[in-house]
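> The structure's right below; bear with me while I get my questions together.
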Amino acid sequence: MDYKITYQVQNTYQENVKEALFEFRIMPCNDDSQAVLNCQIANSLGEPVFNFNNLFGFAAGRIRSTKPFKSFDLTMTCLLQKKKILQPTSKMLNPKEEQALIISTDFLIDHHLYLAKTHFTNLAPNTKIKLLNLKKDLSIVEYLHLLNEYVHTLLKYQKNTTDVKTTAAEALKLKTGVCQDYAHIFIGMARLQNIPVRYVSGYLNPHKKFLGTSQMHAWVEAYLPNVGWMGFDPTNKRVADENYLKVSHGADYADCSPIKGVLKTTGDNKTTHHVKVIVQ
């Protein structure tokens, strides 16, 4: 499947911005399941884009401006080819072997980055929610499918009740949220079972009527011993497939935020995001 992806962000400021540095992670990545055919980025300031790879190896960009401005627009247009994703069906260990492996010293060291508690994924001790524990007779993949369905039931999908600063524990108390919140809760619960999980950002095929198609979407990838990484989307209670167009992954949202900046200005500002995905 071929996709055309357009991402736009518009920022307006009450007072002049005297100097600014923007960093963004909005470009789809190249991996075994997808290939970027063409990608173009334009900005209203006419400033050059400094392209680099972040700490996780994903494409990112920076724009610096010393010219005063009160508005800033950024547009990315990308053509992407996506292959069908084959879900893991072999190389799995039995539950006893798997659960022995994930508590071994070597495994914990190798996957420490995606096992650690973070600001967004830490489930506070006073969080009044039942955890879904990994039972002895369950394989890890069976547990992850159950967790995907369980997390889906914990929140009502509702915009504007949480924001980019909301933690998993806070979303659980509110019982509402968006894709970022579902992903952080899934990560927090799975990591308590010593299962490595990473936060994923990207885009969705809009023709499938999934939740989260109007903006960048968040889902997770969990590590299956002797198999590799497998994607789960608790927001939509689905396994990630060829309808999921990956941009980047990290330990949590902080590693994957679409755009952030450091500005010299005062007063209020307003930011709007627009995403359009077309199946070619």
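Chain identifiers are assigned as A, B, and so on, following the order in which chains appear in the structure tokens; residues are numbered from 1 within each chain, and ligands are numbered from 1 in order of appearance.
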Applying 10 Å and only C-alpha atoms, which residues near Leu55 in chain A remain after dropping the ones on its own chain fewer than 3 positions away? List them as a tab-separated table (two decimals) with C-alpha atoms, in the first residue's frame.


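Output file result32.tsv is given in full below:
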```
chain	number	residue	atom	x	y	z
A	52	PHE	CA	19.80	14.53	12.01
A	58	PHE	CA	15.07	8.14	13.89
A	59	ALA	CA	14.98	11.10	11.53
A	250	GLY	CA	11.20	5.60	22.63
A	255	ASP	CA	11.16	10.66	23.28
```

> Restrict the calculation to only C-alpha atoms, then for each residue of range 74-170 of chain A with any atom at most 7 Å from an atom of range 187-211 of chain A give the closest atom pair and their distance in Å to one decimal, rows by chain and rising residue number, as a tab-separated table.


```
residue	atom	partner	partner_atom	distance
A:Ile102	CA	A:Asn194	CA	6.2
A:Ile103	CA	A:Asn194	CA	6.9
A:His111	CA	A:Pro196	CA	6.3
A:Tyr114	CA	A:Pro196	CA	4.9
A:Leu115	CA	A:Pro196	CA	5.0
A:Thr121	CA	A:Gly188	CA	4.7
A:Asn122	CA	A:Gly188	CA	5.8
A:Leu123	CA	A:Gly188	CA	6.1
A:Leu131	CA	A:Met189	CA	6.7
A:Asn133	CA	A:Gln193	CA	6.8
A:Leu134	CA	A:Gln193	CA	6.4
```

> Env of range 61-68 of chain A: 7 Å cut, atoms = only C-alpha atoms, seq-sep filter 4 positions within chain, self excluded. Answer as a VMD selection string.

chain A and resid 16 to 25 47 to 52

> Put those residues in a file: C-alpha atoms, as a short mmCIF file (atom, residue, chain, number, x, y, z; two decimals), in the first residue's frame.


```cif
data_model
loop_
_atom_site.label_atom_id
_atom_site.label_comp_id
_atom_site.auth_asym_id
_atom_site.auth_seq_id
_atom_site.Cartn_x
_atom_site.Cartn_y
_atom_site.Cartn_z
CA ASN A 16 6.97 38.84 18.84
CA VAL A 17 9.26 35.85 19.10
CA LYS A 18 12.79 37.28 19.04
CA GLU A 19 14.62 33.96 18.69
CA ALA A 20 13.49 30.36 18.37
CA LEU A 21 14.76 26.81 18.09
CA PHE A 22 12.26 24.17 16.98
CA GLU A 23 12.82 20.40 16.95
CA PHE A 24 10.40 17.97 15.31
CA ARG A 25 9.93 14.21 14.83
CA GLU A 47 14.75 28.92 7.41
CA PRO A 48 16.89 25.91 6.44
CA VAL A 49 16.15 22.56 8.12
CA PHE A 50 18.99 20.79 9.91
CA ASN A 51 18.34 17.06 9.56
CA PHE A 52 19.80 14.53 12.01
#
```

> As a list in words, please: the residues near range 268-274 of chain A (cut-off 6 Å, only C-alpha atoms, same-chain neighbours under 3 positions excluded).

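Counting only C-alpha atoms, the residues come to Tyr7, Gln8, Val9, Gln10, Asn11, Thr12, Tyr13 and Gln14 of chain A.
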
> Please produce a file of those selected residues containing C-alpha atoms, as a compact mmCIF listing (two decimals), in the first residue's frame.


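Result file follows (part-v2.txt):
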```txt
# COMPACT_ATOMS: atom_id res chain seq x y z
CA TYR A 7 1.42 16.98 8.57
CA GLN A 8 0.89 20.66 9.37
CA VAL A 9 1.49 22.60 12.56
CA GLN A 10 0.52 26.25 12.98
CA ASN A 11 1.76 28.40 15.86
CA THR A 12 0.64 31.94 16.63
CA TYR A 13 2.09 34.15 19.37
CA GLN A 14 0.69 37.11 21.26
```

> With DSSP run on the backbone, what are the strand (DSSP E) residues within range 104-201 of chain A? I'd like them as JSON, numbers by chain.

{"A": [156, 157, 176, 177, 197, 198, 199, 200, 201]}

> Between CA of Asp73 in chain A and CA of Asn38 in chain A, what is the spacing in Å?

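We find that CA of Asn38 in chain A and CA of Asp73 in chain A lie 20.4 Å from each other.
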
> Under the rule that only C-alpha atoms are counted, which of A:Asn30, A:Gln40, A:Phe72, A:Lys84 is the nearest residue to Gly261 in chain A?

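Closest to Gly261 in chain A of all the choices is A:Phe72.
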
> Where does DSSP see alpha helix (DSSP H) in range 55-142 of chain A, if you list the residues as a PyMOL selection string?

chain A and resi 95-101+105-110+140-142

> Please measure the separation of CA of Thr166 in chain A and CA of Gly57 in chain A, giving the value in Å to one decimal.

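According to the coordinates, CA of Thr166 in chain A and CA of Gly57 in chain A are separated by 26.1 Å.
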
> Could you give me, as a list of chain:residue names, the residues within 10 Å of range 162-165 of chain A, counting only C-alpha atoms and dropping anything in the same chain fewer than 6 positions from it?

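Selected residues are A:His119, A:Phe120, A:Ala171, A:Leu174, A:Thr176, A:Gly177, A:Val178, A:Gln180, A:Asp181, A:Tyr253, A:Ala254, A:Ser257.
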
> Counting only C-alpha atoms, which of A:Gly212, A:Met92, A:Arg238, A:Ser44 gets nearest to Tyr150 in chain A?

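Nearest candidate to Tyr150 in chain A out of A:Gly212, A:Met92, A:Arg238, A:Ser44: A:Arg238.
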
> Between CA of Asp137 in chain A and CA of Asn94 in chain A, measure the distance and give it in Å to one decimal.

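Those two atoms sit 8.9 Å apart.
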
> Would you pick out the contacts of Asn236 in chain A at 10 Å or less, using only C-alpha atoms, so that residues sharing its chain but fewer than 2 positions from it are not included, and give the list as JSON, numbers by chain?

{"A": [148, 149, 152, 157, 179, 182, 209, 210, 211, 212, 219, 232, 233, 234, 238, 239, 240]}

> Can those selected residues be exported to a file as a PDB file, in the first residue's frame so that it contains C-alpha atoms?


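What ended up in out01.pdb:
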```
ATOM      1  CA  ASN A 148      -4.367  -4.838  25.074  1.00  0.00           C
ATOM      2  CA  GLU A 149      -8.065  -5.576  25.617  1.00  0.00           C
ATOM      3  CA  HIS A 152      -8.884  -0.502  26.248  1.00  0.00           C
ATOM      4  CA  TYR A 157     -11.620   7.947  24.531  1.00  0.00           C
ATOM      5  CA  CYS A 179      -4.003   7.409  22.509  1.00  0.00           C
ATOM      6  CA  TYR A 182      -3.697   4.293  26.612  1.00  0.00           C
ATOM      7  CA  LYS A 209     -12.382   4.296  11.067  1.00  0.00           C
ATOM      8  CA  PHE A 210      -9.873   3.903  13.878  1.00  0.00           C
ATOM      9  CA  LEU A 211      -9.742   6.288  16.806  1.00  0.00           C
ATOM     10  CA  GLY A 212      -6.868   8.757  16.459  1.00  0.00           C
ATOM     11  CA  TRP A 219       0.672   2.741  20.144  1.00  0.00           C
ATOM     12  CA  PHE A 232      -0.302  -3.371  19.990  1.00  0.00           C
ATOM     13  CA  ASP A 233      -2.825  -0.529  19.930  1.00  0.00           C
ATOM     14  CA  PRO A 234      -4.879  -0.442  23.153  1.00  0.00           C
ATOM     15  CA  ARG A 238      -5.961  -4.014  17.758  1.00  0.00           C
ATOM     16  CA  VAL A 239      -2.614  -5.459  16.774  1.00  0.00           C
ATOM     17  CA  ALA A 240      -0.556  -3.000  14.722  1.00  0.00           C
TER      18      ALA A 240
END
```

> Please determine, counting only C-alpha atoms, which residue among A:Leu108, A:Ile185, A:Val275, A:Val247 has the shortest atom-to-atom distance to Val36 in chain A.

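Of A:Leu108, A:Ile185, A:Val275, A:Val247, the one nearest Val36 in chain A is A:Val247, counting only C-alpha atoms.
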
> Just checking: using only C-alpha atoms, which residue out of A:His145, A:Lys276, A:Lys246, A:Lys130 ends up closest to Gln34 in chain A?

A:Lys246
